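J.: mmCIF, C-alpha atoms and all ligand atoms, saved as start.cif, coming up:
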```
data_protein
#
loop_
_atom_site.label_atom_id
_atom_site.label_comp_id
_atom_site.auth_asym_id
_atom_site.auth_seq_id
_atom_site.Cartn_x
_atom_site.Cartn_y
_atom_site.Cartn_z
CA MET A 13 -12.27 -84.59 65.75
CA ILE A 14 -8.58 -85.27 65.18
CA VAL A 15 -7.00 -85.26 61.74
CA ALA A 16 -3.26 -85.70 61.26
CA GLU A 17 -1.72 -85.63 57.79
CA ASP A 18 1.90 -86.62 57.18
CA ILE A 19 3.09 -85.40 60.57
CA CYS A 20 6.90 -85.54 60.87
CA MET A 21 9.08 -84.71 63.86
CA LYS A 22 12.85 -84.50 63.92
CA TYR A 23 14.89 -83.54 66.96
CA ARG A 24 18.42 -82.23 66.86
CA GLN A 25 20.55 -83.97 69.45
CA VAL A 26 24.22 -83.16 70.11
CA PHE A 27 25.82 -85.20 67.32
CA LYS A 28 22.81 -86.50 65.45
CA GLU A 29 19.29 -85.94 64.30
CA VAL A 30 16.54 -88.17 65.71
CA VAL A 31 13.49 -88.88 63.57
CA ALA A 32 10.73 -89.29 66.15
CA LEU A 33 7.71 -89.32 63.78
CA LYS A 34 7.61 -90.32 60.10
CA ASN A 35 4.59 -89.21 58.05
CA ILE A 36 1.91 -90.00 60.59
CA SER A 37 -1.63 -89.77 59.20
CA LEU A 38 -4.72 -90.68 61.21
CA ASN A 39 -8.17 -89.49 62.14
CA VAL A 40 -10.32 -89.89 65.23
CA LYS A 41 -14.10 -89.52 65.19
CA LYS A 42 -16.39 -87.84 67.70
CA GLY A 43 -16.89 -90.06 70.74
CA GLU A 44 -14.24 -92.54 69.60
CA ILE A 45 -11.63 -94.04 71.94
CA PHE A 46 -8.42 -94.25 69.90
CA GLY A 47 -5.47 -96.09 71.47
CA LEU A 48 -1.86 -95.43 70.50
CA ILE A 49 0.26 -98.47 71.26
CA GLY A 50 4.02 -98.72 71.03
CA PRO A 51 7.19 -99.29 73.08
CA ASP A 52 9.25 -96.60 74.83
CA GLY A 53 10.75 -94.18 72.33
CA ALA A 54 8.23 -95.04 69.59
CA GLY A 55 7.15 -91.40 69.32
CA LYS A 56 3.89 -91.43 71.27
CA SER A 57 4.62 -88.44 73.52
CA SER A 58 5.87 -86.39 70.56
CA LEU A 59 2.57 -86.98 68.75
CA PHE A 60 0.58 -86.08 71.89
CA ARG A 61 2.54 -82.87 72.28
CA ILE A 62 2.04 -81.88 68.64
CA LEU A 63 -1.71 -82.53 68.75
CA THR A 64 -2.08 -80.58 72.00
CA THR A 65 -0.16 -77.61 70.50
CA LEU A 66 2.85 -77.92 72.82
CA LEU A 67 5.31 -78.85 70.08
CA LEU A 68 5.64 -77.66 66.48
CA PRO A 69 5.96 -80.53 63.99
CA THR A 70 8.78 -80.34 61.48
CA GLY A 71 6.36 -81.42 58.74
CA GLY A 72 2.72 -82.15 57.95
CA LYS A 73 -0.44 -80.66 59.38
CA ALA A 74 -3.03 -81.54 61.99
CA SER A 75 -6.32 -80.26 63.31
CA VAL A 76 -8.33 -80.92 66.45
CA GLY A 77 -12.05 -80.17 66.48
CA GLY A 78 -11.57 -78.54 63.07
CA TYR A 79 -8.91 -76.10 64.37
CA ASP A 80 -5.38 -76.12 62.98
CA VAL A 81 -2.92 -77.03 65.75
CA ILE A 82 -0.45 -74.34 64.64
CA LYS A 83 -2.51 -71.44 63.29
CA GLN A 84 -5.42 -71.84 65.75
CA PHE A 85 -3.59 -73.17 68.77
CA ARG A 86 -5.63 -71.04 71.21
CA GLU A 87 -8.92 -72.51 69.99
CA VAL A 88 -7.42 -76.01 70.19
CA ARG A 89 -6.31 -75.43 73.78
CA ASN A 90 -9.85 -74.45 74.76
CA ILE A 91 -11.39 -77.68 73.54
CA VAL A 92 -8.79 -80.25 74.63
CA GLY A 93 -8.00 -81.81 77.98
CA TYR A 94 -4.47 -83.22 78.30
CA MET A 95 -2.99 -85.58 80.87
CA PRO A 96 0.74 -85.90 80.14
CA GLY A 97 2.64 -89.11 80.87
CA LYS A 98 4.34 -87.77 83.96
CA PHE A 99 2.22 -86.61 86.90
CA SER A 100 1.76 -82.94 86.10
CA LEU A 101 -0.31 -81.58 88.97
CA TYR A 102 0.94 -79.37 91.76
CA GLN A 103 2.22 -81.75 94.42
CA ASP A 104 2.06 -79.13 97.17
CA LEU A 105 -1.52 -78.11 96.47
CA SER A 106 -4.40 -80.13 97.90
CA VAL A 107 -6.78 -82.13 95.72
CA GLU A 108 -9.38 -79.37 95.87
CA GLU A 109 -6.82 -76.60 95.26
CA ASN A 110 -5.50 -78.37 92.15
CA LEU A 111 -8.97 -78.74 90.69
CA THR A 112 -9.91 -75.15 91.57
CA PHE A 113 -6.71 -73.94 89.91
CA PHE A 114 -7.33 -75.85 86.66
CA ALA A 115 -10.94 -74.65 86.57
CA SER A 116 -9.82 -71.02 87.05
CA VAL A 117 -7.26 -71.27 84.22
CA PHE A 118 -10.21 -71.95 81.91
CA ASP A 119 -12.27 -69.23 83.54
CA THR A 120 -14.74 -71.63 85.12
CA THR A 121 -15.45 -73.16 88.54
CA ILE A 122 -15.78 -76.65 89.99
CA GLU A 123 -19.45 -75.92 90.75
CA ALA A 124 -20.24 -74.83 87.17
CA ASN A 125 -18.94 -78.07 85.64
CA TYR A 126 -19.41 -80.45 88.56
CA ASP A 127 -21.51 -82.91 86.54
CA GLN A 128 -18.54 -83.47 84.24
CA VAL A 129 -16.23 -84.73 87.01
CA LYS A 130 -18.79 -85.88 89.62
CA ASP A 131 -18.26 -89.67 89.21
CA ILE A 132 -14.51 -89.42 89.72
CA TYR A 133 -14.35 -86.46 92.07
CA GLU A 134 -16.70 -88.11 94.58
CA GLN A 135 -14.11 -90.85 95.01
CA LEU A 136 -11.56 -88.15 95.82
CA LEU A 137 -13.76 -86.20 98.25
CA PRO A 138 -12.53 -88.04 101.39
CA PHE A 139 -9.03 -86.80 100.47
CA LYS A 140 -9.92 -83.35 99.17
CA ASN A 141 -7.63 -81.62 101.69
CA ARG A 142 -4.71 -83.99 101.13
CA LYS A 143 -1.71 -82.74 99.15
CA ALA A 144 -1.70 -84.19 95.64
CA GLY A 145 1.85 -85.50 96.16
CA ALA A 146 0.63 -87.69 99.04
CA LEU A 147 -2.09 -89.48 97.03
CA SER A 148 -1.84 -93.12 95.89
CA GLY A 149 -1.00 -93.75 92.21
CA GLY A 150 -4.62 -94.49 91.26
CA MET A 151 -5.93 -91.41 93.10
CA LYS A 152 -3.32 -89.19 91.45
CA GLN A 153 -4.46 -90.35 88.03
CA LYS A 154 -8.12 -89.78 88.92
CA LEU A 155 -7.27 -86.25 90.05
CA GLY A 156 -5.32 -85.72 86.81
CA LEU A 157 -8.38 -86.82 84.84
CA CYS A 158 -10.66 -84.47 86.83
CA CYS A 159 -8.30 -81.56 86.11
CA ALA A 160 -8.20 -82.45 82.40
CA LEU A 161 -12.02 -82.58 82.31
CA ILE A 162 -13.06 -79.61 84.41
CA HIS A 163 -13.42 -77.24 81.44
CA LYS A 164 -15.62 -79.73 79.51
CA PRO A 165 -13.21 -80.51 76.66
CA LYS A 166 -14.39 -82.10 73.41
CA VAL A 167 -11.21 -84.15 73.05
CA LEU A 168 -9.19 -85.82 75.80
CA PHE A 169 -5.51 -86.65 75.35
CA LEU A 170 -4.26 -89.17 77.89
CA ASP A 171 -0.60 -90.22 77.68
CA GLU A 172 -0.23 -93.53 79.57
CA PRO A 173 -2.82 -92.52 82.20
CA THR A 174 -2.84 -95.84 84.05
CA THR A 175 0.86 -96.76 84.10
CA GLY A 176 1.75 -97.98 87.60
CA VAL A 177 -1.89 -97.96 88.70
CA ASP A 178 -3.42 -101.03 90.39
CA PRO A 179 -5.82 -103.23 88.33
CA ILE A 180 -9.00 -102.16 90.18
CA SER A 181 -8.26 -98.45 89.73
CA ARG A 182 -7.37 -99.12 86.10
CA LYS A 183 -10.76 -100.73 85.54
CA GLU A 184 -12.56 -97.81 87.23
CA PHE A 185 -10.55 -95.40 85.09
CA TRP A 186 -11.60 -97.17 81.89
CA ASP A 187 -15.24 -97.28 83.02
CA VAL A 188 -15.05 -93.47 83.20
CA LEU A 189 -13.46 -93.25 79.73
CA LYS A 190 -16.25 -95.40 78.29
CA ARG A 191 -18.84 -93.11 79.85
CA LEU A 192 -17.10 -90.00 78.50
CA SER A 193 -16.94 -91.48 75.00
CA GLY A 194 -20.67 -92.28 75.32
CA ASP A 195 -21.18 -88.56 76.05
CA GLY A 196 -19.49 -87.74 72.72
CA ILE A 197 -15.99 -86.89 74.00
CA SER A 198 -13.20 -88.24 71.78
CA VAL A 199 -10.39 -89.93 73.70
CA PHE A 200 -6.85 -90.26 72.34
CA VAL A 201 -4.99 -92.51 74.76
CA SER A 202 -1.68 -94.36 74.92
CA THR A 203 -1.18 -97.40 77.06
CA PRO A 204 1.41 -100.13 77.51
CA TYR A 205 -1.33 -102.54 78.73
CA MET A 206 -2.70 -104.81 76.04
CA ASP A 207 -5.92 -105.56 77.96
CA GLU A 208 -6.63 -101.81 77.85
CA ALA A 209 -5.78 -101.66 74.15
CA CYS A 210 -8.66 -104.08 73.56
CA LEU A 211 -11.07 -101.60 75.20
CA CYS A 212 -10.37 -98.98 72.51
CA ASP A 213 -12.65 -98.58 69.49
CA ARG A 214 -9.58 -98.44 67.23
CA ILE A 215 -5.86 -98.78 67.78
CA GLY A 216 -2.82 -97.34 66.03
CA LEU A 217 0.37 -99.40 66.35
CA ILE A 218 3.42 -97.13 66.37
CA PHE A 219 7.04 -98.26 66.17
CA ARG A 220 10.19 -96.18 65.65
CA GLY A 221 8.09 -93.21 64.58
CA GLU A 222 6.01 -95.13 62.03
CA LEU A 223 2.33 -95.94 62.25
CA LEU A 224 2.37 -99.60 61.22
CA ASP A 225 -1.38 -100.29 61.25
CA VAL A 226 -4.67 -98.77 62.41
CA ASP A 227 -7.80 -100.83 62.94
CA THR A 228 -10.24 -102.22 65.52
CA PRO A 229 -8.68 -104.59 68.09
CA GLU A 230 -10.64 -107.54 66.66
CA ARG A 231 -9.52 -106.88 63.09
CA LEU A 232 -5.88 -106.39 64.12
CA ILE A 233 -5.88 -109.72 65.96
CA GLY A 234 -7.52 -111.35 62.92
CA LYS A 235 -4.63 -110.18 60.71
CA HIS A 236 -2.15 -112.42 62.56
CA GLU A 237 -2.16 -115.47 60.35
CA LYS A 238 0.79 -117.40 61.78
CA LYS A 239 0.68 -120.47 64.04
CA LEU A 240 1.43 -119.37 67.62
CA VAL A 241 2.91 -121.59 70.35
CA ALA A 242 3.94 -120.78 73.94
CA PHE A 243 7.07 -122.57 75.22
CA LYS A 244 8.40 -122.97 78.74
CA ALA A 245 11.39 -124.85 80.18
CA LYS A 246 14.09 -124.49 82.78
CA ASN A 247 16.65 -121.88 81.63
CA MET A 248 14.32 -119.64 79.67
CA TYR A 249 17.09 -117.26 78.62
CA ARG A 250 19.04 -119.99 76.80
CA LEU A 251 15.78 -121.34 75.39
CA LEU A 252 14.96 -117.94 73.85
CA GLY A 253 18.30 -117.92 72.00
CA ASP A 254 17.97 -121.53 70.84
CA ILE A 255 14.39 -121.12 69.59
CA ARG A 256 15.41 -118.04 67.63
CA LYS A 257 18.24 -120.04 65.99
CA GLU A 258 15.77 -122.63 64.61
CA PRO A 259 15.40 -121.80 60.86
CA GLY A 260 11.67 -122.67 60.84
CA VAL A 261 10.96 -120.09 63.54
CA TYR A 262 9.75 -116.68 62.36
CA SER A 263 9.73 -114.86 65.72
CA CYS A 264 10.11 -115.57 69.42
CA PHE A 265 9.70 -113.17 72.32
CA THR A 266 9.13 -113.28 76.06
CA PHE A 267 5.49 -112.96 77.04
CA GLY A 268 4.87 -113.21 80.80
CA ASP A 269 6.43 -116.50 81.93
CA SER A 270 6.54 -118.14 78.48
CA LEU A 271 8.04 -117.62 75.03
CA HIS A 272 5.54 -116.79 72.29
CA THR A 273 6.82 -118.28 69.07
CA THR A 274 5.59 -118.12 65.47
CA PHE A 275 6.71 -120.29 62.58
CA ARG A 276 7.35 -119.67 58.90
CA GLU A 277 5.11 -122.59 57.88
CA LYS A 278 1.74 -123.50 59.39
CA ASP A 279 2.65 -127.23 59.49
CA PHE A 280 5.94 -126.78 61.39
CA PRO A 281 6.52 -130.05 63.35
CA VAL A 282 6.33 -128.65 66.90
CA GLU A 283 6.45 -132.06 68.60
CA GLU A 284 9.67 -132.99 66.78
CA PHE A 285 11.13 -129.61 67.72
CA VAL A 286 10.23 -130.17 71.40
CA LEU A 287 11.97 -133.55 71.22
CA SER A 288 15.09 -131.90 69.84
CA LEU A 289 15.00 -129.40 72.72
CA LYS A 290 14.80 -132.23 75.24
CA ASN A 291 17.70 -134.00 73.47
CA ALA A 292 19.67 -130.75 73.75
CA GLY A 293 19.35 -131.02 77.55
CA TYR A 294 16.28 -128.90 78.31
CA THR A 295 14.15 -130.13 81.21
CA ASP A 296 10.53 -129.35 82.18
CA VAL A 297 9.72 -128.44 78.58
CA GLU A 298 6.06 -127.42 78.15
CA TRP A 299 4.28 -126.13 75.05
CA LYS A 300 0.76 -125.27 73.95
CA ASN A 301 -1.00 -123.70 70.97
CA ILE A 302 -2.39 -120.31 71.95
CA GLU A 303 -4.84 -117.67 70.78
CA THR A 304 -3.32 -114.53 69.28
CA GLY A 305 -3.41 -111.18 71.12
CA ILE A 306 -2.70 -107.64 69.92
CA GLU A 307 0.86 -107.85 71.25
CA ASP A 308 1.49 -110.93 69.09
CA TYR A 309 0.32 -109.08 65.99
CA PHE A 310 2.46 -106.08 66.96
CA MET A 311 5.53 -108.28 67.43
CA MET A 312 4.87 -109.95 64.09
CA LEU A 313 4.77 -106.56 62.35
CA THR A 314 7.96 -105.36 64.00
CA ASN A 315 9.82 -108.66 63.67
CA ASP A 316 11.56 -107.91 60.38
CA ILE A 317 12.46 -104.36 61.41
CA SER A 318 13.80 -105.31 64.82
CA ASP A 319 15.64 -108.65 64.31
CA GLY A 320 13.03 -110.64 66.21
CA THR A 321 13.40 -108.77 69.47
CA GLY A 322 10.40 -106.47 68.93
CA TYR A 323 12.32 -103.42 70.18
N1 LIG B 1 13.16 -82.98 73.34
C1 LIG B 1 13.78 -83.95 72.71
N2 LIG B 1 15.02 -83.77 72.21
C2 LIG B 1 15.67 -84.73 71.53
N3 LIG B 1 15.15 -85.96 71.29
C3 LIG B 1 13.91 -86.22 71.77
C4 LIG B 1 13.16 -85.24 72.51
N4 LIG B 1 11.98 -85.79 72.85
C5 LIG B 1 11.96 -87.04 72.36
N5 LIG B 1 13.11 -87.32 71.72
C6 LIG B 1 13.47 -88.57 71.03
O1 LIG B 1 12.43 -88.86 70.11
C7 LIG B 1 12.11 -90.25 70.10
C8 LIG B 1 10.64 -90.43 70.44
O2 LIG B 1 10.43 -90.02 71.80
P1 LIG B 1 8.98 -89.94 72.46
O3 LIG B 1 9.16 -89.44 73.87
O4 LIG B 1 8.06 -89.19 71.57
O5 LIG B 1 8.53 -91.48 72.47
P2 LIG B 1 7.51 -92.27 73.41
O6 LIG B 1 6.92 -93.33 72.56
O7 LIG B 1 6.57 -91.32 74.06
O8 LIG B 1 8.44 -92.92 74.48
P3 LIG B 1 8.46 -92.73 76.07
O9 LIG B 1 7.20 -93.37 76.54
O10 LIG B 1 9.71 -93.45 76.47
O11 LIG B 1 8.52 -91.22 76.27
C9 LIG B 1 13.05 -90.90 71.11
O12 LIG B 1 14.16 -91.39 70.37
C10 LIG B 1 13.48 -89.76 72.00
O13 LIG B 1 14.79 -89.95 72.50
#
```
Can you dump the structure from the file as structure tokens?
Ligand SMILES: Nc1ncnc2c1ncn2[C@@H]1O[C@H](COP(=O)(O)OP(=O)(O)OP(=O)(O)O)[C@@H](O)[C@H]1O
T.:
Amino acid sequence: MIVAEDICMKYRQVFKEVVALKNISLNVKKGEIFGLIGPDGAGKSSLFRILTTLLLPTGGKASVGGYDVIKQFREVRNIVGYMPGKFSLYQDLSVEENLTFFASVFDTTIEANYDQVKDIYEQLLPFKNRKAGALSGGMKQKLGLCCALIHKPKVLFLDEPTTGVDPISRKEFWDVLKRLSGDGISVFVSTPYMDEACLCDRIGLIFRGELLDVDTPERLIGKHEKKLVAFKAKNMYRLLGDIRKEPGVYSCFTFGDSLHTTFREKDFPVEEFVLSLKNAGYTDVEWKNIETGIEDYFMMLTNDISDGTGY
């Protein structure tokens, strides 16, 4: 349903040129949930905007549902639903007015396509006369999804749809996405949440405009072959610097309240290293071997490019 071949995007800024996308090639099948994962500035929104016909790429070609995003942009617009990263609905219109408006743009009505949005819209019904701007974060996103779905698109583009949304609403949102993919709708979604990344059928890891890897979450995690240890101690900031200085350490980055660390050799003597940290004055030192997650694999891939910081 989505095919991108060697997509490039360069922006002209005042004194320089920014390369936002470098030769991006990917494909997304019918009914597949494809997650695009990467830090701020990686190029995610640029790719969304190109695939939804809102931005002309500076190189390469792409099609959605078999239609070329440049030459057949009108056909593409008819078959895609797009939820941009920033809340894009009319804040001064009510819930019902927003949905009615989006339906009318596609020459349809809420009634005609009610089955498509029923599950989500019923949760919004108690607030249907409330202005969109006065909804909670989770409700805003559900309304955004209803508006993106009301014309029965074949492909949904969701740019960070659950950022800032509470965990329960996030789960409900993903339950809806799973149902939509079961109905044959392809979903192209970006998210900063790694637990959500694992719910995708396949993931593309994007960094500084480059697609570093594309695979299923399980296979990506399986590609991380380094020993992984989480460290904690008092003065975590100093600890981060000191762990990174250790020659046997390959990468170290903050993950929640601990420091996820990988080593160049599998048999790195962690206990001896912990002793040396204690001798260097660290107190309350804790460490444990941990299972790898997608973020760990991502950080491992970006380590050499980004001097161990991951960004
Ligand atoms: N209209 C623009 N003009 C100039 N530079 C831009 C423009 N839009 C994006 N960029 C630059 O292109 C790069 C990629 O930005 P993009 O918004 O696509 O990334 P992103 O992964 O979506 O990040 P974020 O989530 O922070 O928006 C960044 O360096 C950004 O500053």
J.: Per residue of chain A within 8 Å of ligand LIG 1 (chain B), record the nearest atom pair and its distance in Å to one decimal, counting all atoms listed in the file, with rows in chain order and ascending residue number, as a tab-separated table.
T.:
```
residue	atom	partner	partner_atom	distance
A:Lys22	CA	B:LIG1	O1	7.6
A:Tyr23	CA	B:LIG1	C2	4.8
A:Arg24	CA	B:LIG1	C2	6.0
A:Gln25	CA	B:LIG1	C2	5.4
A:Val30	CA	B:LIG1	O1	6.1
A:Val31	CA	B:LIG1	O1	6.6
A:Ala32	CA	B:LIG1	C7	4.3
A:Leu33	CA	B:LIG1	C8	7.4
A:Gly50	CA	B:LIG1	O6	6.3
A:Pro51	CA	B:LIG1	O6	6.0
A:Asp52	CA	B:LIG1	O10	3.6
A:Gly53	CA	B:LIG1	O8	3.4
A:Ala54	CA	B:LIG1	O6	3.7
A:Gly55	CA	B:LIG1	O4	3.3
A:Lys56	CA	B:LIG1	O6	3.8
A:Ser57	CA	B:LIG1	O7	3.5
A:Ser58	CA	B:LIG1	O4	3.7
A:Leu59	CA	B:LIG1	O4	6.6
A:Gly97	CA	B:LIG1	O9	7.6
A:Arg220	CA	B:LIG1	C8	7.5
A:Gly221	CA	B:LIG1	C8	7.0
```
J.: Can you list, as a list in words, every protein, DNA or RNA residue that comes within 8 Å of segment 125-128 of chain A when you count all atoms listed in the file, leaving out same-chain residues fewer than 5 positions away?
T.: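 My list of contacting residues is Thr120, Leu161, Ile162, His163 and Lys164 of chain A.
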J.: Taking only C-alpha atoms into account, which of A:Met311, A:Lys278, A:Val226, A:His236 comes nearest Cys264 of chain A?
T.: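 Ranking A:Met311, A:Lys278, A:Val226, A:His236 by distance to Cys264 of chain A, first place goes to A:Met311.
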J.: Considering all atoms listed in the file, give me a table of residues in segment 152-208 of chain A that are at most 10 Å from segment 60-65 of chain A, with the closest atom pair and distance in Å for each, as a Markdown table.
T.:
```
| residue | atom | partner | partner_atom | distance |
| --- | --- | --- | --- | --- |
| A:Val167 | CA | A:Thr64 | CA | 9.9 |
| A:Leu168 | CA | A:Thr64 | CA | 9.6 |
| A:Phe169 | CA | A:Phe60 | CA | 7.0 |
| A:Leu170 | CA | A:Phe60 | CA | 8.3 |
| A:Asp171 | CA | A:Phe60 | CA | 7.2 |
| A:Phe200 | CA | A:Phe60 | CA | 8.5 |
| A:Val201 | CA | A:Phe60 | CA | 9.0 |
| A:Ser202 | CA | A:Phe60 | CA | 9.1 |
```
J.: Rank A:Thr273, A:Gly176, A:Arg182, A:Gly305 by their smallest atom-to-atom distance to Lys235 of chain A, using only C-alpha atoms, and report the top residue only.
T.: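 The shortest atom-to-atom distance to Lys235 of chain A comes from A:Gly305.
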J.: Which residues, protein or nucleic acid, reach to within 10 Å of (7.6, -119.2, 73.6) in the file's coordinates when using all atoms listed in the file, and can you give that as a list in words?
T.: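 Using all atoms listed in the file, the matching residues come out as Leu240, Val241, Ala242, Phe243, Lys244, Ala245, Met248, Leu251, Leu252, Ile255, Arg256, Ser263, Cys264, Phe265, Thr266, Phe267, Gly268, Asp269, Ser270, Leu271, His272, Thr273, Thr274, Glu298, Trp299 and Lys300 of chain A.
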J.: Can you rebuild segment 305-316 of chain A with N, CA and C atoms and give it as a PDB file, keeping the file's coordinate frame?
T.:
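Saved to selection.pdb:
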```
ATOM      1  N   GLY A 305      -2.999-112.460  70.535  1.00  0.00           N
ATOM      2  CA  GLY A 305      -3.410-111.180  71.120  1.00  0.00           C
ATOM      3  C   GLY A 305      -2.840-110.037  70.289  1.00  0.00           C
ATOM      4  N   ILE A 306      -3.196-108.803  70.665  1.00  0.00           N
ATOM      5  CA  ILE A 306      -2.700-107.640  69.920  1.00  0.00           C
ATOM      6  C   ILE A 306      -1.181-107.592  69.943  1.00  0.00           C
ATOM      7  N   GLU A 307      -0.596-107.924  71.118  1.00  0.00           N
ATOM      8  CA  GLU A 307       0.860-107.850  71.250  1.00  0.00           C
ATOM      9  C   GLU A 307       1.531-108.798  70.252  1.00  0.00           C
ATOM     10  N   ASP A 308       0.912-109.975  70.041  1.00  0.00           N
ATOM     11  CA  ASP A 308       1.490-110.930  69.090  1.00  0.00           C
ATOM     12  C   ASP A 308       1.493-110.343  67.686  1.00  0.00           C
ATOM     13  N   TYR A 309       0.387-109.689  67.325  1.00  0.00           N
ATOM     14  CA  TYR A 309       0.320-109.080  65.990  1.00  0.00           C
ATOM     15  C   TYR A 309       1.360-107.956  65.883  1.00  0.00           C
ATOM     16  N   PHE A 310       1.479-107.170  66.951  1.00  0.00           N
ATOM     17  CA  PHE A 310       2.460-106.080  66.960  1.00  0.00           C
ATOM     18  C   PHE A 310       3.872-106.636  66.774  1.00  0.00           C
ATOM     19  N   MET A 311       4.184-107.701  67.527  1.00  0.00           N
ATOM     20  CA  MET A 311       5.530-108.280  67.430  1.00  0.00           C
ATOM     21  C   MET A 311       5.771-108.868  66.040  1.00  0.00           C
ATOM     22  N   MET A 312       4.703-109.404  65.429  1.00  0.00           N
ATOM     23  CA  MET A 312       4.870-109.950  64.090  1.00  0.00           C
ATOM     24  C   MET A 312       5.199-108.824  63.094  1.00  0.00           C
ATOM     25  N   LEU A 313       4.512-107.691  63.254  1.00  0.00           N
ATOM     26  CA  LEU A 313       4.770-106.560  62.350  1.00  0.00           C
ATOM     27  C   LEU A 313       6.183-106.011  62.502  1.00  0.00           C
ATOM     28  N   THR A 314       6.655-105.996  63.757  1.00  0.00           N
ATOM     29  CA  THR A 314       7.960-105.360  64.000  1.00  0.00           C
ATOM     30  C   THR A 314       9.110-106.345  63.860  1.00  0.00           C
ATOM     31  N   ASN A 315       8.785-107.620  63.668  1.00  0.00           N
ATOM     32  CA  ASN A 315       9.820-108.660  63.670  1.00  0.00           C
ATOM     33  C   ASN A 315      10.937-108.401  62.660  1.00  0.00           C
ATOM     34  N   ASP A 316      10.539-108.074  61.424  1.00  0.00           N
ATOM     35  CA  ASP A 316      11.560-107.910  60.380  1.00  0.00           C
ATOM     36  C   ASP A 316      12.389-106.650  60.620  1.00  0.00           C
TER      37      ASP A 316
END
```
